[in-house]
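Structure, as structure tokens:
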Amino acid sequence: MRILALGGPGAMGAVAVRVAAGIPGVTEIVVADRRPEAARELVHRLAGSGVPMRPLRVDVTDAAALRAALEDADAVLNTVGPYYRFGMTVLRAAIAAGTHYLDICDDWEPTRRMLGLDREARAAGVCAVVGMGASPGVSNLLAARAAGRLDHLQDLYTAWPVDVSSDRSRGDEQLVDPDGRPSAAAVHWMEQISGKAAVVSEGRLVHRRPLLPVTLTVAEGRSGTAYTVGHPEPVTLHRSFRPAGESANLMVVTPGTAAYLDVLRRDIDAGRLTNETAAADLSKPSVSRALRAAVGAMSLKGPGTLPPFFAAATGTLDGRPVTVLARLAETPGTAALTDDMAEATGIPLALGLAQLVDGAGLPPGVHPPEAVIDPGRFFRDLVRRVPGLGGDGARPDGVIVELTPTGRAPGRP
């Protein structure tokens, strides 16, 4: 299968290309980017991977060049962000070209619009998987594990770490591109902490401001407060599992960082900052905003003993109220994975591609990961790709699922 890697030289794209080169059935990878020198450098660096690669200059805003590149490929890995700007453009072009599609879209608004192209994709025989990264992606598949243990689903939360990992410096590296400008990931983050975020409340999809605190008890000795953020998980998990109560995507974050993000949120919403200028401020915090955040942090609660990356579901099993926590085993391999956003996002994208390449039964249409990706196979593949990810007490796929009898939901925003 011929693979087009749009944005391949980027941090996450490069990881996906590296892993995809080892997937049986991949016969060629075209590394495409608006910066041809970056594409050439990655092809040179991965020479000898066993799969032919070639660089190609493609700017996704050039419709003719994008269509030509897609028509020459069987599947595209799209890591060009932010997706609220480019997601629909690339997916529409892929459907028109009859090219299968996977991305790491982590914006909830374009996710809803892209899912709306399901009929067109089915008519074209195109399988598109939207949000096949870490969060969304791994988070959705952990949520599927948690929700699948219940007879009745009430609440469903997913969560990812911001600054509670063992190596915070790697997160800082992802905020700035090599040219010194704010990264697409940083600009995306500012989009998702401002305006309104999609969450589920009383079984309905609603819109609320981000950075609302949610206090959770997810297992024995596992409790703390995390903060809502705009992300696709509530949108797609509402569609896939229909929780009757609450659902939100959360950041596991220290009070100081949560307070600084809230200062940026207020300034974006007031028109004092754009997403780009806020992202620049995030990488080089201003003194005035840091002082405002210091005051705000005094009233915020911290993550306590919450796991850094997890899904938690509440509901009933055999008529009894239960909370189910699904998380990766806490091993050095897990820490190394979650500390590196590029690895944590790019590897899942390539493993999603693996299920498409070998004809694992992924149907035409536009799907979230939990609808079509086999969680068991995915996590087994992840353990094989990440040294040390499995550990004592973990399942062979590296996932630990804990059931705790409970008389109430794990949390409320």
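Note on naming: chains are A, B, ... as they come in the structure tokens, residues start from 1 per chain, ligands start from 1 in the order shown.
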**Q.** Spatial neighbours of Ala128 of chain A, max dist 9 Å, only C-alpha atoms, sep filter under 5 positions, as a PyMOL selection string
**A.** chain A and resi 91+94-95+99-103+118+121+363-368
Open item on the list: If we count only C-alpha atoms and set the cut-off at 10 Å, which residues sit around Asp318 of chain A, ignoring sequence neighbours fewer than 5 positions away in its own chain? Please answer as a list of chain:residue names.
Closed with: A:Leu150, A:Asp151, A:His152
**Study point:** Nearest-residue call for Arg113 of chain A, choices A:Thr217, A:Thr314, A:Gln154, A:Thr236, using only C-alpha atoms
**Key:**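 Smallest separation from Arg113 of chain A among the options: A:Thr236.
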* Which neighbours of segment 1-16 of chain A fall inside 9 Å, counting only C-alpha atoms, when residues of the same chain fewer than 2 positions from it are skipped, and could you give them as a PyMOL selection string? -> chain A and resi 18-21+25-35+38-43+58+60+69-70+72-81+174+177+341-351+357
Residues near Ala297 of chain A, cut-off 7 Å, only C-alpha atoms, skip fewer than 5 positions along chain, as a list in words: Pro255, Gly256 and Ala259 of chain A
Selection above as a file: N, CA and C atoms, as a PDB file, in the first residue's frame:
ATOM      1  N   PRO A 255      -2.064  23.261  39.817  1.00  0.00           N
ATOM      2  CA  PRO A 255      -2.826  24.505  39.965  1.00  0.00           C
ATOM      3  C   PRO A 255      -2.160  25.708  39.299  1.00  0.00           C
ATOM      4  N   GLY A 256      -0.835  25.801  39.370  1.00  0.00           N
ATOM      5  CA  GLY A 256      -0.147  26.945  38.774  1.00  0.00           C
ATOM      6  C   GLY A 256      -0.339  27.024  37.278  1.00  0.00           C
ATOM      7  N   ALA A 259      -3.977  27.825  36.411  1.00  0.00           N
ATOM      8  CA  ALA A 259      -4.266  29.244  36.612  1.00  0.00           C
ATOM      9  C   ALA A 259      -3.718  30.083  35.464  1.00  0.00           C
TER      10      ALA A 259
END
Next item on the list: Among the residues of segment 16-242 of chain A, find those DSSP assigns to strand (DSSP E or B) from the backbone and print them as a VMD selection string.
Entry: chain A and resid 28 to 33 53 to 57 75 to 78 100 to 103 127 to 129 133 137 152 to 161 176 182 197 to 201 204 to 208 213 to 219 222 to 228
Mind checking which residues fall within 8 Å of Ala93 of chain A, counting only C-alpha atoms, ignoring those fewer than 5 positions away in the same chain, and posting them as JSON, numbers by chain? {"A": [63, 66, 67, 70]}
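DSSP on the backbone gives helix (DSSP H, G or I) for these parts of segment 274-317 of chain A: A:Asn275, A:Glu276, A:Thr277, A:Ala278, A:Ala279, A:Ala280, A:Asp281, A:Leu282, A:Ser283, A:Val287, A:Ser288, A:Arg289, A:Ala290, A:Leu291, A:Arg292, A:Ala293, A:Ala294, A:Val295, A:Gly296, A:Ala297.
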Which residues, written as a PyMOL selection string, have at least one atom at most 10 Å from Ala312 of chain A, with only C-alpha atoms counted and residues fewer than 2 positions away on the same chain left out? chain A and resi 142-147+155-159+216-219+247+310+314+323-327+401-403+410-411
For N, CA and C atoms, I'd like the residues from the last selection saved as a PDB file, in the first residue's frame.
ATOM      1  N   LEU A 142      -9.137   3.444  25.623  1.00  0.00           N
ATOM      2  CA  LEU A 142      -9.247   3.186  27.060  1.00  0.00           C
ATOM      3  C   LEU A 142     -10.690   3.379  27.524  1.00  0.00           C
ATOM      4  N   ALA A 143     -11.356   4.392  26.986  1.00  0.00           N
ATOM      5  CA  ALA A 143     -12.760   4.625  27.330  1.00  0.00           C
ATOM      6  C   ALA A 143     -13.629   3.447  26.896  1.00  0.00           C
ATOM      7  N   ALA A 144     -13.316   2.886  25.741  1.00  0.00           N
ATOM      8  CA  ALA A 144     -14.066   1.723  25.263  1.00  0.00           C
ATOM      9  C   ALA A 144     -13.884   0.546  26.217  1.00  0.00           C
ATOM     10  N   ARG A 145     -12.650   0.381  26.725  1.00  0.00           N
ATOM     11  CA  ARG A 145     -12.385  -0.675  27.693  1.00  0.00           C
ATOM     12  C   ARG A 145     -13.195  -0.460  28.971  1.00  0.00           C
ATOM     13  N   ALA A 146     -13.208   0.785  29.458  1.00  0.00           N
ATOM     14  CA  ALA A 146     -13.919   1.067  30.699  1.00  0.00           C
ATOM     15  C   ALA A 146     -15.429   0.924  30.525  1.00  0.00           C
ATOM     16  N   ALA A 147     -15.968   1.541  29.489  1.00  0.00           N
ATOM     17  CA  ALA A 147     -17.413   1.503  29.259  1.00  0.00           C
ATOM     18  C   ALA A 147     -17.903   0.091  28.981  1.00  0.00           C
ATOM     19  N   ASP A 155     -21.501   7.950  33.568  1.00  0.00           N
ATOM     20  CA  ASP A 155     -20.528   8.997  33.266  1.00  0.00           C
ATOM     21  C   ASP A 155     -19.289   8.392  32.606  1.00  0.00           C
ATOM     22  N   LEU A 156     -18.617   9.196  31.776  1.00  0.00           N
ATOM     23  CA  LEU A 156     -17.432   8.707  31.076  1.00  0.00           C
ATOM     24  C   LEU A 156     -16.453   9.860  30.891  1.00  0.00           C
ATOM     25  N   TYR A 157     -15.290   9.756  31.539  1.00  0.00           N
ATOM     26  CA  TYR A 157     -14.269  10.796  31.471  1.00  0.00           C
ATOM     27  C   TYR A 157     -12.984  10.241  30.858  1.00  0.00           C
ATOM     28  N   THR A 158     -12.312  11.083  30.094  1.00  0.00           N
ATOM     29  CA  THR A 158     -10.959  10.778  29.636  1.00  0.00           C
ATOM     30  C   THR A 158     -10.050  11.889  30.132  1.00  0.00           C
ATOM     31  N   ALA A 159      -8.770  11.567  30.352  1.00  0.00           N
ATOM     32  CA  ALA A 159      -7.850  12.554  30.912  1.00  0.00           C
ATOM     33  C   ALA A 159      -6.436  12.326  30.402  1.00  0.00           C
ATOM     34  N   LEU A 216     -12.670  13.978  41.012  1.00  0.00           N
ATOM     35  CA  LEU A 216     -12.924  12.580  40.706  1.00  0.00           C
ATOM     36  C   LEU A 216     -12.357  11.664  41.775  1.00  0.00           C
ATOM     37  N   THR A 217     -13.070  10.569  42.024  1.00  0.00           N
ATOM     38  CA  THR A 217     -12.513   9.410  42.710  1.00  0.00           C
ATOM     39  C   THR A 217     -12.671   8.254  41.743  1.00  0.00           C
ATOM     40  N   VAL A 218     -11.561   7.807  41.167  1.00  0.00           N
ATOM     41  CA  VAL A 218     -11.640   6.828  40.083  1.00  0.00           C
ATOM     42  C   VAL A 218     -11.320   5.413  40.537  1.00  0.00           C
ATOM     43  N   ALA A 219     -10.723   5.279  41.724  1.00  0.00           N
ATOM     44  CA  ALA A 219     -10.394   3.960  42.275  1.00  0.00           C
ATOM     45  C   ALA A 219      -9.957   4.161  43.716  1.00  0.00           C
ATOM     46  N   SER A 247     -19.892  13.608  30.626  1.00  0.00           N
ATOM     47  CA  SER A 247     -18.700  13.173  29.914  1.00  0.00           C
ATOM     48  C   SER A 247     -17.903  14.404  29.531  1.00  0.00           C
ATOM     49  N   PHE A 310      -5.799   8.424  31.640  1.00  0.00           N
ATOM     50  CA  PHE A 310      -6.755   7.379  31.987  1.00  0.00           C
ATOM     51  C   PHE A 310      -8.119   7.645  31.364  1.00  0.00           C
ATOM     52  N   THR A 314     -18.490   5.358  35.056  1.00  0.00           N
ATOM     53  CA  THR A 314     -19.333   4.963  36.179  1.00  0.00           C
ATOM     54  C   THR A 314     -20.674   4.490  35.653  1.00  0.00           C
ATOM     55  N   THR A 323     -17.455   2.001  39.588  1.00  0.00           N
ATOM     56  CA  THR A 323     -16.584   2.879  38.823  1.00  0.00           C
ATOM     57  C   THR A 323     -15.490   2.025  38.201  1.00  0.00           C
ATOM     58  N   VAL A 324     -15.246   2.220  36.913  1.00  0.00           N
ATOM     59  CA  VAL A 324     -14.224   1.458  36.197  1.00  0.00           C
ATOM     60  C   VAL A 324     -13.128   2.417  35.743  1.00  0.00           C
ATOM     61  N   LEU A 325     -11.902   2.116  36.134  1.00  0.00           N
ATOM     62  CA  LEU A 325     -10.734   2.883  35.721  1.00  0.00           C
ATOM     63  C   LEU A 325      -9.924   2.055  34.738  1.00  0.00           C
ATOM     64  N   ALA A 326      -9.659   2.596  33.558  1.00  0.00           N
ATOM     65  CA  ALA A 326      -8.797   1.948  32.571  1.00  0.00           C
ATOM     66  C   ALA A 326      -7.584   2.847  32.358  1.00  0.00           C
ATOM     67  N   ARG A 327      -6.393   2.284  32.530  1.00  0.00           N
ATOM     68  CA  ARG A 327      -5.164   3.063  32.402  1.00  0.00           C
ATOM     69  C   ARG A 327      -4.044   2.179  31.903  1.00  0.00           C
ATOM     70  N   VAL A 401      -7.318  -2.524  34.192  1.00  0.00           N
ATOM     71  CA  VAL A 401      -8.714  -2.132  34.392  1.00  0.00           C
ATOM     72  C   VAL A 401      -9.079  -2.446  35.834  1.00  0.00           C
ATOM     73  N   GLU A 402      -9.513  -1.434  36.583  1.00  0.00           N
ATOM     74  CA  GLU A 402      -9.856  -1.585  37.993  1.00  0.00           C
ATOM     75  C   GLU A 402     -11.325  -1.263  38.197  1.00  0.00           C
ATOM     76  N   LEU A 403     -12.038  -2.160  38.866  1.00  0.00           N
ATOM     77  CA  LEU A 403     -13.451  -1.964  39.186  1.00  0.00           C
ATOM     78  C   LEU A 403     -13.585  -1.690  40.676  1.00  0.00           C
ATOM     79  N   PRO A 410     -18.216   9.323  39.500  1.00  0.00           N
ATOM     80  CA  PRO A 410     -16.862   9.725  39.849  1.00  0.00           C
ATOM     81  C   PRO A 410     -16.659  11.234  39.924  1.00  0.00           C
ATOM     82  N   GLY A 411     -17.525  12.032  39.332  1.00  0.00           N
ATOM     83  CA  GLY A 411     -17.284  13.472  39.404  1.00  0.00           C
ATOM     84  C   GLY A 411     -18.350  14.261  38.690  1.00  0.00           C
TER      85      GLY A 411
END
Q: Could you tell me how far atom CA of Gly319 of chain A lies from atom CA of Phe379 of chain A, in Å and to one decimal?
A: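 Calculated distance between atom CA of Gly319 of chain A and atom CA of Phe379 of chain A is 29.6 Å.
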Excluding Asp267 of chain A and its own-chain neighbours fewer than 6 positions away, which residues fall within 12 Å of it when counting only C-alpha atoms? Please give them as a ChimeraX atom specification. /A:190,193-195,260-261,273-275,277-279,281,289,292
